[in-house]
Amino acid sequence: MTDLPLHGLRVLELASVLAGPQVGQFLAELGAEVLKIEAPTGDITRTWRTAAEAPDAPVTAYFSAANWGKTSRVLDLACATGQAELHALVAGADIVLTSYKPGDAEKLGADYATLSALNPRLLYGSITGYGPDSARAGYDAVLQAETGFMHLNAAGPGQPPQKMPVALIDLLTAHQLKEALLLALYQRERTGRGALLEVSLHDSALASLANQAATWLVTGQEPQPLGSGHPSIVPYGTVYTAADGTQLLLAVGSDGQFRQLCAVLARPAWATDARFSTNPARVVHRHELEELLRQRIAEVSGAELLKELEKRTVPAGAVRAVGEALSQPTARAMLLPITAAFPHPGLRTVAFRSSTWPVAAALAGPPVLGGK
């Protein structure tokens with residue numbers, strides 16, 4: 001691990017659940033030494049099991065999603081002894097990660113003012129639900145509801161809103177904090193000073209609405225749910241079922257790609273039809289085109305269609321289950337190898353590659369409570 005860019009960096013993770021621990025694993029994959037400080041009851045995700053998991057398994061699948069490469073230590077920060085142990089650790093730390101409700105860190109002696117007085121170079125990453133001025137706890141599903149994601153994720157107008165199947169807002173928040181910490185490390189190299197870095201689930205969610213937010217800000221029109229369809233590109237995102245049962249998705253972003261699609265489907269006239277010849281026209285006539293595509297794709301082999309579209313560089317892909325996706329040859333580089341203590345692969349959080357440092361070949365598996 002000595003040739004990884006964050007080798008020698010010491011991180012104390014006081015955060016729990018997903019957003020903060022994702023940041024901790026990210027830093028561990030880049031070579032940092034990450035000590036997960038847990039209450040006597042442990043991170044709550046240690047108890048979150050699916051029906052398929054053994055009830056006595058020491059590490060749950062959910063906990064393993066964000067806790068590779070760390071060691072665990074139990075400290076009761078509600079008592080003076082635990083706080084003293086934390087303060088001793090902070091003196092030699094570079095980064096502290098927290099996910100407390102505003103006011104809770106002060107009660108536990110784990111707030112920025114207290115810890116930075118012990119270590120002025122400390123970078124303190126704080127995750128809250130709604131910012132430092134709101135005592136309201138943040139929960140991913142609630143934020144998905146409140147920031148427009150569930151509304152947009154419905155199958156269509158008038159259909160029930162749906163939550164994303166992963167804690168998307170937690171993950172987006174983790175990315176915001178990673179970026180803030182890396183910038184703060186760069187700044188500290190120049191100034192020698194630490195920093196308080198605050199990120200909220202609420203602001204991270206709003207920042208990620210992207211074109212959907214811009215639609216409302218620019219036009220004043222409320223973006224409507226389209227299932228997996230795209231509001232300004234057609235055909236893009238809609239799922240079709242081919243004659244062999246293959247479910248596939250098209251992501252046709254240009255008129256040239258659409259002409260190639262029509263040629264592959266042996267329907268060249270669609271490319272010159274005034275209703276479909278340009279993307280703006282296809283957006284207006286979305287339903288007519290999608291119905292034609294649905295009928296035609298149902299007549300052909302999905303496997304052969306995907307092969308031909310790939311040859312012609314028309315973006316398309318088969319719909320895969322999670323296991324299928326992780327079993328693809330292209331997914332191998334994203335998997336962490338099993339360990340003696342945790343005989344299951346893990347999923348990397350670092351998806352980029354550098355020309356000047358290697359990918360971590362392996363990490364310690366997710367730790368048992370208070371153990372290594």
# chains A, B, ... in the order shown; residues from 1 in each chain; ligands from 1

call {"tool": "residues_around", "arguments": {"residues": "Ala263 (chain A)", "least_positions_apart": "6", "cutoff": "12 Å", "atoms": "only C-alpha atoms", "output": "VMD selection string"}}
result
chain A and resid 256 to 257 269 to 272 305 308 to 309 312 314

call {"tool": "residues_around", "arguments": {"residues": "Gly138 (chain A)", "least_positions_apart": "5", "cutoff": "8 Å", "atoms": "only C-alpha atoms", "output": "PyMOL selection string"}}
result
chain A and resi 128-130+143+201

call {"tool": "select_by_dssp", "arguments": {"residues": "region 43-286 of chain A", "states": "helix (DSSP H, G or I)", "output": "NGL selection string"}}
result
:A and (44-47 or 61-64 or 80-90 or 104-107 or 112-118 or 140-146 or 149-152 or 168-191 or 201-207 or 210-219 or 255-264 or 269-272 or 279-284 or 286)

call {"tool": "closest_residue", "arguments": {"among": "A:Gln295, A:Ser99, A:Ser277, A:Ser126", "to": "Ala15 (chain A)", "atoms": "only C-alpha atoms"}}
result
A:Ser99

call {"tool": "residues_around", "arguments": {"residues": "Leu168 (chain A)", "least_positions_apart": "2", "cutoff": "12 Å", "atoms": "only C-alpha atoms", "output": "ChimeraX atom specification"}}
result
/A:18-19,139-145,147,149-150,163-166,170-175,201-202,204-205,208-209

call {"tool": "residues_around", "arguments": {"residues": "Pro366 (chain A)", "least_positions_apart": "3", "cutoff": "6 Å", "atoms": "only C-alpha atoms", "output": "VMD selection string"}}
result
chain A and resid 64 67 to 68

call {"tool": "atom_distance", "arguments": {"atom1": "CA of Val11 (chain A)", "atom2": "CA of Ile44 (chain A)"}}
result
20.3 Å
